[in-house]
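Student: Can you read through this structure? Questions will come right after.
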Amino acid sequence: MAMRSERDALIDLEHRFFQSIAKRELTTIRSLLADDCMVFIGNVGILSEQDVVSRVASSDRVYERNEPYHMAIRLHGDTAIVAGTLHQRYQAGGTSTDIRTHYMHTWIRSGHGWRLLSSHSAALFGSSR
């Protein structure tokens, strides 16, 4: 059996991260985020690790889809950059939202494995809300 590539591991982490948000798996989210992570969401601002966890815990979103795709990955030693597109479809406050965003994640590898250090996302122009 061939060893799993770093690229495959990072793709799995991307899926795991977005699914843990959709399912409100707070322990998983905490395990994937670096303690000093910075998450930038275009219409929200910059969030810390605790801000992300609190935001997910208090969200009224019910996800039908929260899936990354078209990922490009660059590895540089113990740092990885993942750029991709995210498709989100969810219900919140009686409103349906179907949106696509571009995102860029910076992952760092330590004794605890890969952890998300930085995230930036912005809605695609013309994406519906």
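Going through the structure tokens in order, the chains are called A, B, and so on, while each chain numbers its residues from 1 and the ligands are numbered from 1 in the order shown.
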Can you tell me which residues surround A:Arg65 at a distance of at most 7 Å, considering only C-alpha atoms, apart from same-chain residues fewer than 4 positions away, and format the answer as a PyMOL selection string?
Tutor: chain A and resi 87-90
Student: Based on the selection just made, write N, CA and C atoms of those residues as an mmCIF file, in the first residue's frame.
Tutor:
data_model
loop_
_atom_site.group_PDB
_atom_site.id
_atom_site.type_symbol
_atom_site.label_atom_id
_atom_site.label_comp_id
_atom_site.auth_asym_id
_atom_site.auth_seq_id
_atom_site.Cartn_x
_atom_site.Cartn_y
_atom_site.Cartn_z
ATOM 1 N N HIS A 87 -18.127 25.883 -1.603
ATOM 2 C CA HIS A 87 -19.559 26.002 -1.911
ATOM 3 C C HIS A 87 -20.320 25.774 -0.616
ATOM 4 N N GLN A 88 -21.070 26.792 -0.219
ATOM 5 C CA GLN A 88 -21.900 26.702 0.970
ATOM 6 C C GLN A 88 -23.361 26.869 0.589
ATOM 7 N N ARG A 89 -24.171 25.984 1.126
ATOM 8 C CA ARG A 89 -25.628 26.111 1.002
ATOM 9 C C ARG A 89 -26.184 25.849 2.391
ATOM 10 N N TYR A 90 -26.936 26.826 2.903
ATOM 11 C CA TYR A 90 -27.455 26.673 4.256
ATOM 12 C C TYR A 90 -28.725 27.489 4.456
#
Student: Name all residues at most 12 Å from A:Phe18 (count only C-alpha atoms; drop same-chain ones fewer than 3 positions away) and give them as an MDAnalysis selection string.
Tutor: chainID A and resid 11:15 21:26 28:29 32:33 56 63 65:69 85:88 103 105 116
Student: Select, from A:Ser121, A:Thr79, A:Ser54, A:Thr97, the residue with the minimum atom-to-atom distance to A:Arg7, counting only C-alpha atoms.
Tutor: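 Among the listed residues, A:Thr79 lies closest to A:Arg7.
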Student: Can you tell me, as a PDB file with N, CA and C atoms, in the first residue's frame, what residues are no more than 12 Å from A:Gln50 when counting only C-alpha atoms, ignoring any on the same chain fewer than 4 positions away?
Tutor:
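Resulting contents of selection-v6.pdb:
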ATOM      1  N   LEU A  26     -17.051  21.271  17.634  1.00  0.00           N
ATOM      2  CA  LEU A  26     -16.156  22.261  18.215  1.00  0.00           C
ATOM      3  C   LEU A  26     -14.806  21.682  18.626  1.00  0.00           C
ATOM      4  N   THR A  27     -14.791  20.462  19.126  1.00  0.00           N
ATOM      5  CA  THR A  27     -13.530  19.824  19.511  1.00  0.00           C
ATOM      6  C   THR A  27     -12.645  19.628  18.288  1.00  0.00           C
ATOM      7  N   ILE A  29     -12.785  21.381  15.472  1.00  0.00           N
ATOM      8  CA  ILE A  29     -12.351  22.705  15.024  1.00  0.00           C
ATOM      9  C   ILE A  29     -11.159  23.162  15.847  1.00  0.00           C
ATOM     10  N   ARG A  30     -11.252  23.048  17.170  1.00  0.00           N
ATOM     11  CA  ARG A  30     -10.137  23.453  18.043  1.00  0.00           C
ATOM     12  C   ARG A  30      -8.868  22.672  17.724  1.00  0.00           C
ATOM     13  N   SER A  31      -9.015  21.388  17.416  1.00  0.00           N
ATOM     14  CA  SER A  31      -7.834  20.565  17.146  1.00  0.00           C
ATOM     15  C   SER A  31      -7.164  20.932  15.826  1.00  0.00           C
ATOM     16  N   LEU A  33      -7.248  24.183  14.445  1.00  0.00           N
ATOM     17  CA  LEU A  33      -6.792  25.570  14.444  1.00  0.00           C
ATOM     18  C   LEU A  33      -5.556  25.740  15.317  1.00  0.00           C
ATOM     19  N   ALA A  34      -4.570  26.486  14.820  1.00  0.00           N
ATOM     20  CA  ALA A  34      -3.426  26.861  15.649  1.00  0.00           C
ATOM     21  C   ALA A  34      -3.929  27.817  16.733  1.00  0.00           C
ATOM     22  N   ASP A  35      -3.295  27.775  17.898  1.00  0.00           N
ATOM     23  CA  ASP A  35      -3.732  28.621  19.005  1.00  0.00           C
ATOM     24  C   ASP A  35      -3.720  30.100  18.639  1.00  0.00           C
ATOM     25  N   ASP A  36      -2.781  30.500  17.789  1.00  0.00           N
ATOM     26  CA  ASP A  36      -2.652  31.913  17.419  1.00  0.00           C
ATOM     27  C   ASP A  36      -3.141  32.185  15.996  1.00  0.00           C
ATOM     28  N   CYS A  37      -4.103  31.399  15.550  1.00  0.00           N
ATOM     29  CA  CYS A  37      -4.587  31.552  14.178  1.00  0.00           C
ATOM     30  C   CYS A  37      -5.307  32.887  13.975  1.00  0.00           C
ATOM     31  N   MET A  38      -5.330  33.305  12.717  1.00  0.00           N
ATOM     32  CA  MET A  38      -6.080  34.488  12.304  1.00  0.00           C
ATOM     33  C   MET A  38      -6.959  34.077  11.135  1.00  0.00           C
ATOM     34  N   VAL A  39      -8.245  34.317  11.269  1.00  0.00           N
ATOM     35  CA  VAL A  39      -9.202  33.981  10.221  1.00  0.00           C
ATOM     36  C   VAL A  39      -9.845  35.285   9.757  1.00  0.00           C
ATOM     37  N   ILE A  46     -11.409  40.091  11.204  1.00  0.00           N
ATOM     38  CA  ILE A  46     -10.391  39.131  11.644  1.00  0.00           C
ATOM     39  C   ILE A  46     -10.848  38.464  12.933  1.00  0.00           C
ATOM     40  N   SER A  54     -16.512  30.267  18.973  1.00  0.00           N
ATOM     41  CA  SER A  54     -17.731  30.904  19.496  1.00  0.00           C
ATOM     42  C   SER A  54     -18.734  31.182  18.386  1.00  0.00           C
ATOM     43  N   ARG A  55     -18.229  31.639  17.250  1.00  0.00           N
ATOM     44  CA  ARG A  55     -19.111  31.957  16.115  1.00  0.00           C
ATOM     45  C   ARG A  55     -19.814  30.701  15.605  1.00  0.00           C
ATOM     46  N   VAL A  56     -19.079  29.610  15.499  1.00  0.00           N
ATOM     47  CA  VAL A  56     -19.674  28.353  15.035  1.00  0.00           C
ATOM     48  C   VAL A  56     -20.676  27.833  16.072  1.00  0.00           C
ATOM     49  N   ALA A  57     -20.313  27.891  17.343  1.00  0.00           N
ATOM     50  CA  ALA A  57     -21.186  27.381  18.404  1.00  0.00           C
ATOM     51  C   ALA A  57     -22.515  28.129  18.460  1.00  0.00           C
TER      52      ALA A  57
END
Student: For the atom pair atom CA of A:His120 and atom CA of A:Gly42, what is the interatomic distance in Å to one decimal place?
Tutor: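 If I compute the distance from atom CA of A:His120 to atom CA of A:Gly42, I get 7.7 Å.
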Student: Would you list the contacts of A:Ala72 as a compact mmCIF listing (two decimals) with C-alpha atoms, in the first residue's frame, taking every protein, DNA or RNA residue within 8 Å and counting only C-alpha atoms, but skipping same-chain residues closer than 2 positions in sequence?
Tutor:
# COMPACT_ATOMS: atom_id res chain seq x y z
CA HIS A 70 -10.66 23.20 -6.97
CA ARG A 74 1.89 24.48 -2.41
CA VAL A 82 -4.12 25.81 0.06
CA ALA A 83 -6.17 28.01 -2.27
CA GLY A 84 -9.60 26.79 -3.24
Student: Given the choices A:Met71, A:Leu117, A:Leu124, A:Ile99, which gets closest to A:Leu47 if the distance is worked out from only C-alpha atoms?
Tutor: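 Answer, going by the shortest atom-to-atom distance: A:Leu117.
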